[in-house]
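What follows is a single structure, written as structure tokens, with notes after it.
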Amino acid sequence: MATAAVGTPLLLLLVVLGSFWLTALVVAAALLGLWEFYRLSRLERPWVLQLPGFVATALLVVNGHVWRFNPGAFVVATGVFFLAKYIAHARGHRGLDAGVSAILGPLYLGGTLAYAPLLRALDERGAWLLVAILGTFAVDTSAYFVGRAVGRHRMAPRVSPGKTWEGAAAGLLGGLGAVALLSRLLGLPISAAQGVLLGLGVGIVAQAGDLLESALKRAAGAKEAGRLVPGHGGLLDRLDSLVLSLVLMYYGATWLQA
């Protein structure tokens, strides 16, 4: 709780400030998350395979700030497809194939977190990015507390035993309500119905991202991705819900404003 109390206001401040500081934070988060991803993948020749991945990840995020070339849904879809494919075929504690993991990591983290600076550039106040982040936080918080309090029916026991359908429903409603409300409070140029639709999408993809990372940890035989965030496990455990929400929010924003 102490980590969240300090980290969340700092994150929101950097979102509002934007520019270099936000991009530096996103690059650092992407690289640390990639380090945890590679650690879970158990590469035999770490630096030979990892170094190009770190460089590619940093360039993907910097591109979102400097050149603003859209990474495209292809990058994200390819990363998610291959991640799901190789998780499904993982056996025991062998982890993912080294070559695939080396390529997949930058797609999974750099290709998605690149949308943070792209979202920030859509308006002067960073409202779109704020809604994406806070909406995802609402999904995670609602699902966690309701799941612990009243959760009885497990959703995916083989992937994540702690997740329940009650928690998932609460997360969906939490994301829907938060995005719809924040979009009005922050003056986003969308209707109330569009805000509800975006909130529904965030509620779905945030939890899908969480389950995807849980499947990765299960394939690697790990309970947490790391210990970088005191009281919250690894940084990858904090980013898993956000990465797909950023992508959805960016394409939703550009489509609605077209």
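Here, A, B, ... name the chains of the structure tokens in the order displayed, residue numbers run from 1 inside each chain, and ligands are numbered from 1 in the same displayed order.
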
* Picked from range 133-196 of chain A by DSSP as helix (DSSP H, G or I), as number ranges by chain -> A: 133-150, 165-185, 192-196

Residues from last step as file, C-alpha atoms, as a CSV table (one decimal), in the first residue's frame:
chain,number,residue,atom,x,y,z
A,133,ILE,CA,-4.2,4.3,-16.4
A,134,LEU,CA,-6.9,5.1,-13.9
A,135,GLY,CA,-9.4,2.9,-15.6
A,136,THR,CA,-7.0,0.0,-15.5
A,137,PHE,CA,-6.3,0.6,-11.8
A,138,ALA,CA,-10.1,0.6,-11.2
A,139,VAL,CA,-10.4,-2.8,-12.9
A,140,ASP,CA,-7.5,-4.3,-10.9
A,141,THR,CA,-8.7,-2.9,-7.6
A,142,SER,CA,-12.4,-3.8,-8.0
A,143,ALA,CA,-11.5,-7.4,-9.1
A,144,TYR,CA,-9.1,-7.9,-6.3
A,145,PHE,CA,-11.2,-6.7,-3.4
A,146,VAL,CA,-14.5,-8.2,-4.5
A,147,GLY,CA,-12.8,-11.4,-5.5
A,148,ARG,CA,-11.3,-11.7,-2.0
A,149,ALA,CA,-14.5,-10.8,-0.2
A,150,VAL,CA,-17.2,-12.8,-2.1
A,165,TRP,CA,-15.9,-14.9,-11.8
A,166,GLU,CA,-17.2,-12.6,-9.1
A,167,GLY,CA,-14.0,-10.6,-9.1
A,168,ALA,CA,-14.0,-10.5,-12.9
A,169,ALA,CA,-17.5,-9.1,-13.0
A,170,ALA,CA,-16.5,-6.5,-10.4
A,171,GLY,CA,-13.4,-5.6,-12.5
A,172,LEU,CA,-15.6,-5.2,-15.6
A,173,LEU,CA,-18.0,-2.9,-13.8
A,174,GLY,CA,-15.2,-1.0,-12.1
A,175,GLY,CA,-13.4,-0.3,-15.4
A,176,LEU,CA,-16.7,0.6,-17.1
A,177,GLY,CA,-17.7,3.0,-14.4
A,178,ALA,CA,-14.3,4.6,-14.0
A,179,VAL,CA,-13.7,5.2,-17.7
A,180,ALA,CA,-17.2,6.5,-18.3
A,181,LEU,CA,-16.9,8.9,-15.3
A,182,LEU,CA,-13.4,10.1,-15.9
A,183,SER,CA,-14.0,10.7,-19.6
A,184,ARG,CA,-16.7,13.1,-18.6
A,185,LEU,CA,-14.8,14.7,-15.8
A,192,ALA,CA,-21.5,9.0,-22.6
A,193,ALA,CA,-22.3,5.9,-24.6
A,194,GLN,CA,-18.9,5.9,-26.1
A,195,GLY,CA,-17.3,6.3,-22.7
A,196,VAL,CA,-19.3,3.2,-21.5

Would you please give, as a JSON list (two decimals) with C-alpha atoms, in the first residue's frame, all residues of range 121-214 of chain A that DSSP assigns to strand (DSSP E) based on the backbone?
[["chain", "number", "residue", "atom", "x", "y", "z"],
["A", 154, "ARG", "CA", -12.90, -19.89, -9.88],
["A", 155, "MET", "CA", -12.46, -18.53, -13.37],
["A", 156, "ALA", "CA", -9.22, -20.16, -14.54],
["A", 160, "SER", "CA", -4.54, -18.30, -11.81],
["A", 161, "PRO", "CA", -6.25, -20.07, -8.89],
["A", 162, "GLY", "CA", -7.06, -16.82, -7.07],
["A", 163, "LYS", "CA", -9.18, -15.29, -9.84],
["A", 164, "THR", "CA", -12.94, -15.71, -9.62]]

* Between A:Leu129, A:Leu246, A:Leu186, A:Leu212, which is the closest to Gly18 in chain A once you count only C-alpha atoms? ->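 With only C-alpha atoms as the atom set, the closest residue is A:Leu129.
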
* For CA of Leu22 in chain A and CA of Pro117 in chain A, quote the distance in Å rounded to one decimal. =>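 So the answer is 7.5 Å.
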
* **A:Val159, A:Val243, A:Leu188, A:Val100 ranked by distance to Val26 in chain A, top pick (using only C-alpha atoms)** =>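 Using only C-alpha atoms, Val26 in chain A sits closest to A:Val243.
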
Excluding same-chain residues fewer than 2 positions from Pro106 in chain A, what lies within 9 Å of it counting only C-alpha atoms, as a CSV table (one decimal) with C-alpha atoms, in the first residue's frame?
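Wrote it out as selection-v4.csv, contents follow:
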chain,number,residue,atom,x,y,z
A,30,ALA,CA,9.6,-1.5,-20.3
A,31,LEU,CA,13.2,-2.5,-19.8
A,34,LEU,CA,11.5,-7.1,-20.1
A,53,GLY,CA,15.7,-7.2,-27.2
A,54,PHE,CA,16.5,-4.4,-24.7
A,55,VAL,CA,17.6,-2.1,-27.5
A,56,ALA,CA,14.5,-2.9,-29.6
A,57,THR,CA,12.2,-2.3,-26.6
A,58,ALA,CA,13.8,1.1,-25.8
A,60,LEU,CA,9.9,1.1,-29.8
A,79,GLY,CA,3.3,-10.8,-29.8
A,101,SER,CA,11.2,-15.4,-26.0
A,102,ALA,CA,14.0,-13.1,-27.2
A,103,ILE,CA,11.8,-11.7,-30.0
A,104,LEU,CA,8.5,-11.9,-28.1
A,108,TYR,CA,5.0,-7.8,-25.6
A,109,LEU,CA,6.4,-4.8,-23.7
A,110,GLY,CA,7.9,-2.4,-26.1
A,111,GLY,CA,5.2,-2.8,-28.7
A,112,THR,CA,2.5,-2.1,-26.2

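Proximity ranking of A:Arg152, A:Gly105, A:Leu248, A:Leu113 relative to Glu36 in chain A places A:Gly105 first, based on only C-alpha atoms.
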
* To do: Rank nothing, just name the residue among A:Arg218, A:Gly33, A:Gly199, A:Leu59 nearest to Leu239 in chain A, using only C-alpha atoms.
  => A:Gly33

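Closest approach to Leu32 in chain A among A:Asp123, A:Tyr250, A:Leu236, A:Leu244: A:Leu236, based on only C-alpha atoms.
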
* **Distance in Å - CA of Lys223 in chain A versus CA of Asp237 in chain A** =>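 Calculated distance between CA of Lys223 in chain A and CA of Asp237 in chain A is 10.3 Å.
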